[in-house]
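This report concerns only the one structure given below.
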Amino acid sequence: VRGFDDPAAAQAFLRPSRDQLADPFLMPGMRQAADRIIKARSEGREIVVYGDYDVDGVTATALLTMFLKAWDVRARHYIPSRHKEGYGLNEEAIRKIAAESEGALLVTVDCGVTALTEIALAKELELDPIVTDHHRPGDALPDCPVLNPLLGYPHPHLCGAGVAFKLCQALDDALAFPFIDLAALATVADVVPLTGENRAITALGIERMNADPRPGVAALMAAAGVAKGAVTSGKIAFQLGPRLNAGGRVGDAVRSLRLLTAQTAEEAGPLAAELEKENAERKKLEGEILSGAEAQLADFDFSKKRSIVLADEGWNAGVLGLAASRLVERYNLPTVLLRREGETLHGSCRSIPGIDIHGALSAVSEPPTRFGGHRQAAGL
């Protein structure tokens with residue numbers, strides 16, 4: 001059923017192990033990126049980790065920031081607001097970081113591979129940028145070290161936190177390994193294929209979560225009703241991941257980051273409780289968007305349409321991707337849901353097998369002012 005016709009490959013699939021983690025230096029750009037971080041450490045320079053507000057971005061930010069601190073580096077994070085700044089690097093944030101951390105190393109996680117203008121601005125403001133991302137690159141790359149598994153790595157489907165984990169491995173493999181639970185959490189939540197190295201990361205990370213969950217993960221498990229030792233990929237996908245995502249979708253993604261980086265149960269418990277409330281609010285908002293979308297589709301001639309594109313001023317942008325996924329499941333059509341704000345529309349796309357939504361956005365005669373993503377999902 002899985003397509004394995006070689007006993008060794010079948011055994012590797014059934015028994016993921018640490019020796020299935022690939023050499024991080026097989027990723028193009030890794031030596032250059034690692035050398036810059038090592039140099040920054042020796043010079044005592046600050047490193048700012050610039051993330052994203054979904055599970056993958058928040059988890060990648062937590063993973064890399066905690067690793068760098070454990071590796072004796074001055075490190076801090078920056079996560080943009082979904083509701084105020086939108087996805088990825090933005091000019092105002094870069095100027096703020098440059099003013100607060102003169103000459104710092106700026107390392108992106110889960111974003112940045114298409115941010116040519118913003119990376120150029122960072123260099124102009126004397127920041128030293130490194131991009132780590134897993135989204136599809138454009139025709140040109142930013143003028144800095146770029147780590148992206150799609151650029152020639154033997155395991156091209158890593159998530160953003162997976163790329164951050166490989167960077168940590170390149171810097172100090174022994175110190176990096178205890179953070180594999182966070183890489184596993186993001187790998188499942190970001191719905192990348194659980195094959196190859198991703199399968200090893202997920203199996204080893206879940207094993208760690210079940211044996212000795214860090215305080216934030218333990219609090220998240222308790223809030224979601226997942227017993228210690230009972231974590232599975234399904235529990236991550238449907239119980240743990242959505243609660244972490246609720247921070248960025250409904251409230252502030254920094255709350256999810258604070259939970260993952262919490263050092264004690266006393267610190268983590270209240271944060272998990274807040275995310276639980278926000279997850280309930282997320283479900284309510286998602287239901288409202290679906291009801292509104294169905295009302296707009298009342299006279300929709302499905303026999304003559306190849307996609308669904310809907311907009312509304314009242315929709316919460318943070319939940320549009322989830323609602324779009326529901327409509328794709330219901331109607332099997334690529335779906336774009338947008339929130340209208342003045343002259344601007346922004347939102348999320350979800351597609352069906354065989355339809356490359358990122359390619360479609362690239363090919364329209366007047367492309368969106370900003371967009372990024374994958375074959376099956378994108379934001380714009």
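Here's how to read the names in the structure tokens: chain A, B, ... by the order shown, residue numbers from 1 in each chain, ligand numbers from 1 in the order shown.
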
* Could you write out, as an MDAnalysis selection string, all the residues of stretch 78-114 of chain A that DSSP marks as strand (DSSP E)? -> chainID A and resid 78 105:109

* Asked: A:Leu158: which residues within 7 Å, counting only C-alpha atoms, same-chain residues fewer than 4 positions away excluded, as number ranges by chain?
  -> A: 134, 149, 162-163, 192, 198

Take the residues just selected and output them with all heavy atoms as a PDB file, in the first residue's frame.
```
ATOM      1  N   HIS A 134      10.522  27.447   4.192  1.00  0.00           N
ATOM      2  CA  HIS A 134      10.218  26.235   3.436  1.00  0.00           C
ATOM      3  C   HIS A 134       9.179  26.491   2.366  1.00  0.00           C
ATOM      4  O   HIS A 134       8.772  25.568   1.657  1.00  0.00           O
ATOM      5  CB  HIS A 134       9.741  25.117   4.375  1.00  0.00           C
ATOM      6  CG  HIS A 134       8.373  25.338   4.942  1.00  0.00           C
ATOM      7  ND1 HIS A 134       7.347  24.428   4.798  1.00  0.00           N
ATOM      8  CD2 HIS A 134       7.842  26.371   5.651  1.00  0.00           C
ATOM      9  CE1 HIS A 134       6.261  24.880   5.403  1.00  0.00           C
ATOM     10  NE2 HIS A 134       6.534  26.057   5.927  1.00  0.00           N
ATOM     11  N   PRO A 149      14.629  23.884   2.040  1.00  0.00           N
ATOM     12  CA  PRO A 149      14.798  22.505   1.562  1.00  0.00           C
ATOM     13  C   PRO A 149      14.400  22.307   0.108  1.00  0.00           C
ATOM     14  O   PRO A 149      14.791  21.311  -0.507  1.00  0.00           O
ATOM     15  CB  PRO A 149      13.904  21.689   2.505  1.00  0.00           C
ATOM     16  CG  PRO A 149      12.915  22.667   3.031  1.00  0.00           C
ATOM     17  CD  PRO A 149      13.626  23.971   3.120  1.00  0.00           C
ATOM     18  N   GLY A 162      11.164  22.521  11.057  1.00  0.00           N
ATOM     19  CA  GLY A 162      12.117  21.496  10.657  1.00  0.00           C
ATOM     20  C   GLY A 162      13.397  22.108  10.124  1.00  0.00           C
ATOM     21  O   GLY A 162      14.503  21.647  10.434  1.00  0.00           O
ATOM     22  N   VAL A 163      13.274  23.174   9.337  1.00  0.00           N
ATOM     23  CA  VAL A 163      14.457  23.879   8.821  1.00  0.00           C
ATOM     24  C   VAL A 163      15.229  24.516   9.977  1.00  0.00           C
ATOM     25  O   VAL A 163      16.465  24.449  10.036  1.00  0.00           O
ATOM     26  CB  VAL A 163      14.054  24.937   7.781  1.00  0.00           C
ATOM     27  CG1 VAL A 163      15.287  25.664   7.250  1.00  0.00           C
ATOM     28  CG2 VAL A 163      13.299  24.299   6.622  1.00  0.00           C
ATOM     29  N   VAL A 192       2.758  18.687   6.556  1.00  0.00           N
ATOM     30  CA  VAL A 192       3.723  18.287   5.538  1.00  0.00           C
ATOM     31  C   VAL A 192       3.776  16.759   5.517  1.00  0.00           C
ATOM     32  O   VAL A 192       3.351  16.109   6.476  1.00  0.00           O
ATOM     33  CB  VAL A 192       5.121  18.893   5.820  1.00  0.00           C
ATOM     34  CG1 VAL A 192       5.093  20.404   5.668  1.00  0.00           C
ATOM     35  CG2 VAL A 192       5.611  18.515   7.217  1.00  0.00           C
ATOM     36  N   ASN A 198      11.015  13.767   7.792  1.00  0.00           N
ATOM     37  CA  ASN A 198       9.867  14.248   8.572  1.00  0.00           C
ATOM     38  C   ASN A 198       9.310  13.157   9.466  1.00  0.00           C
ATOM     39  O   ASN A 198       8.863  13.413  10.587  1.00  0.00           O
ATOM     40  CB  ASN A 198       8.760  14.749   7.644  1.00  0.00           C
ATOM     41  CG  ASN A 198       9.009  16.138   7.117  1.00  0.00           C
ATOM     42  OD1 ASN A 198       9.855  16.857   7.638  1.00  0.00           O
ATOM     43  ND2 ASN A 198       8.301  16.521   6.073  1.00  0.00           N
TER      44      ASN A 198
END
```

Quick one: residues within 10 Å of A:Leu89, only C-alpha atoms, excluding same-chain residues fewer than 4 positions away - as a CSV table (one decimal) with N, CA and C atoms, in the first residue's frame?
```csv
chain,number,residue,atom,x,y,z
A,50,TYR,N,13.0,36.2,13.6
A,50,TYR,CA,11.8,36.8,13.1
A,50,TYR,C,10.9,35.7,12.6
A,51,GLY,N,9.7,35.5,13.2
A,51,GLY,CA,8.9,34.3,12.9
A,51,GLY,C,7.6,34.6,12.2
A,52,ASP,N,6.7,33.7,12.4
A,52,ASP,CA,5.3,33.9,11.9
A,52,ASP,C,4.3,33.5,13.0
A,79,ILE,N,7.6,38.4,16.4
A,79,ILE,CA,6.5,37.7,15.7
A,79,ILE,C,5.5,38.8,15.2
A,80,PRO,N,5.3,39.0,14.0
A,80,PRO,CA,4.3,40.0,13.5
A,80,PRO,C,2.9,39.7,13.9
A,85,GLU,N,-0.1,43.5,11.0
A,85,GLU,CA,1.1,43.5,10.1
A,85,GLU,C,0.9,42.5,8.9
A,93,ALA,N,8.5,46.7,10.8
A,93,ALA,CA,9.1,45.8,11.8
A,93,ALA,C,10.7,45.8,11.6
A,94,ILE,N,11.1,45.8,10.4
A,94,ILE,CA,12.6,45.8,10.2
A,94,ILE,C,13.2,47.1,10.7
A,108,THR,N,15.3,34.8,9.9
A,108,THR,CA,13.9,34.5,9.7
A,108,THR,C,13.6,33.0,9.9
A,111,CYS,N,9.5,32.1,7.0
A,111,CYS,CA,9.2,33.2,6.1
A,111,CYS,C,10.4,33.8,5.5
A,112,GLY,N,10.3,34.7,4.5
A,112,GLY,CA,11.4,35.5,4.0
A,112,GLY,C,11.9,35.1,2.7
A,113,VAL,N,11.6,33.9,2.1
A,113,VAL,CA,12.2,33.5,0.9
A,113,VAL,C,11.9,34.4,-0.3
A,114,THR,N,10.7,35.1,-0.3
A,114,THR,CA,10.3,35.9,-1.4
A,114,THR,C,10.4,37.4,-1.0
A,115,ALA,N,11.0,37.7,0.2
A,115,ALA,CA,11.0,39.1,0.7
A,115,ALA,C,12.3,39.8,0.3
A,116,LEU,N,12.5,39.9,-1.1
A,116,LEU,CA,13.7,40.5,-1.6
A,116,LEU,C,13.9,42.0,-1.1
A,117,THR,N,12.8,42.8,-1.2
A,117,THR,CA,12.8,44.2,-0.9
A,117,THR,C,13.1,44.4,0.6
A,118,GLU,N,12.5,43.6,1.4
A,118,GLU,CA,12.6,43.7,2.9
A,118,GLU,C,14.0,43.3,3.3
A,119,ILE,N,14.6,42.3,2.7
A,119,ILE,CA,15.9,41.9,3.1
A,119,ILE,C,16.9,42.9,2.6
A,122,ALA,N,16.8,45.6,5.2
A,122,ALA,CA,17.5,45.1,6.4
A,122,ALA,C,19.0,45.3,6.3
```

* To do: Report as a ChimeraX atom specification: the residues of stretch 154-309 of chain A with a DSSP assignment of alpha helix (DSSP H), based on the backbone of this structure.
  => /A:160-171,173-176,180-189,196-211,215-224,233-235,241-250,253-260,265-296

* Name all residues at most 10 Å from A:Glu278 (count only C-alpha atoms; drop same-chain ones fewer than 5 positions away) and give them as a list in words. => Arg243, Leu244, Asn245, Ala246, Gly247, Gly248, Arg249, Val250, Gly251, Asp252, Ala272, Ala273, Lys283 and Lys284 of chain A

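Comparing the minimum interatomic distances between A:Gly379 and each of A:Gly88, A:Ile289, A:Arg306, A:Asp299, counting only C-alpha atoms, we find that A:Gly88 sits nearest.
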
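The space separating atom CA of A:Glu366 from atom CA of A:Glu343 comes to 15.5 Å.
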
Return as JSON lines the residues of stretch 14-126 of chain A lying at most 12 Å from stretch 312-336 of chain A, together with the closest atom-to-atom pair for each and the distance in Å to one decimal, counting only C-alpha atoms, with rows in chain order and ascending residue number.
```
{"residue": "A:Tyr53", "atom": "CA", "partner": "A:Gly318", "partner_atom": "CA", "distance": 9.7}
{"residue": "A:Asp54", "atom": "CA", "partner": "A:Gly318", "partner_atom": "CA", "distance": 9.5}
{"residue": "A:Ser81", "atom": "CA", "partner": "A:Gly318", "partner_atom": "CA", "distance": 10.2}
{"residue": "A:Arg82", "atom": "CA", "partner": "A:Gly318", "partner_atom": "CA", "distance": 6.9}
{"residue": "A:His83", "atom": "CA", "partner": "A:Ala317", "partner_atom": "CA", "distance": 7.2}
{"residue": "A:Lys84", "atom": "CA", "partner": "A:Ala317", "partner_atom": "CA", "distance": 10.6}
{"residue": "A:Glu85", "atom": "CA", "partner": "A:Ala317", "partner_atom": "CA", "distance": 11.8}
{"residue": "A:Gly86", "atom": "CA", "partner": "A:Ala317", "partner_atom": "CA", "distance": 9.6}
{"residue": "A:Tyr87", "atom": "CA", "partner": "A:Gly318", "partner_atom": "CA", "distance": 10.9}
```

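The list of residues with at least one atom within 8 Å of A:Leu167, based on only C-alpha atoms and without residues fewer than 4 positions apart in the same chain, reads Pro24, Met30, Ala34, Val163 and Leu171 of chain A.
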
* Please provide the set of residues having any atom within 10 Å of stretch 354-363 of chain A, restricted to only C-alpha atoms, with same-chain residues fewer than 3 positions apart removed, written as JSON, numbers by chain. => {"A": [136, 138, 333, 334, 335, 336, 349, 350, 351, 366, 367, 368, 370, 371, 372, 373, 374, 375, 376, 377, 378, 379, 380]}

* Just the residues within 9 Å of A:Arg15, please, counting only C-alpha atoms, with nothing from its chain fewer than 3 positions along; format it as a VMD selection string. => chain A and resid 10 to 12 200 203

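Here atom CA of A:Met66 is placed at a distance of 25.8 Å from atom CA of A:Glu91.
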
* Between atom CA of A:Lys123 and atom CA of A:His135, distance in Å (one decimal) -> 21.9 Å
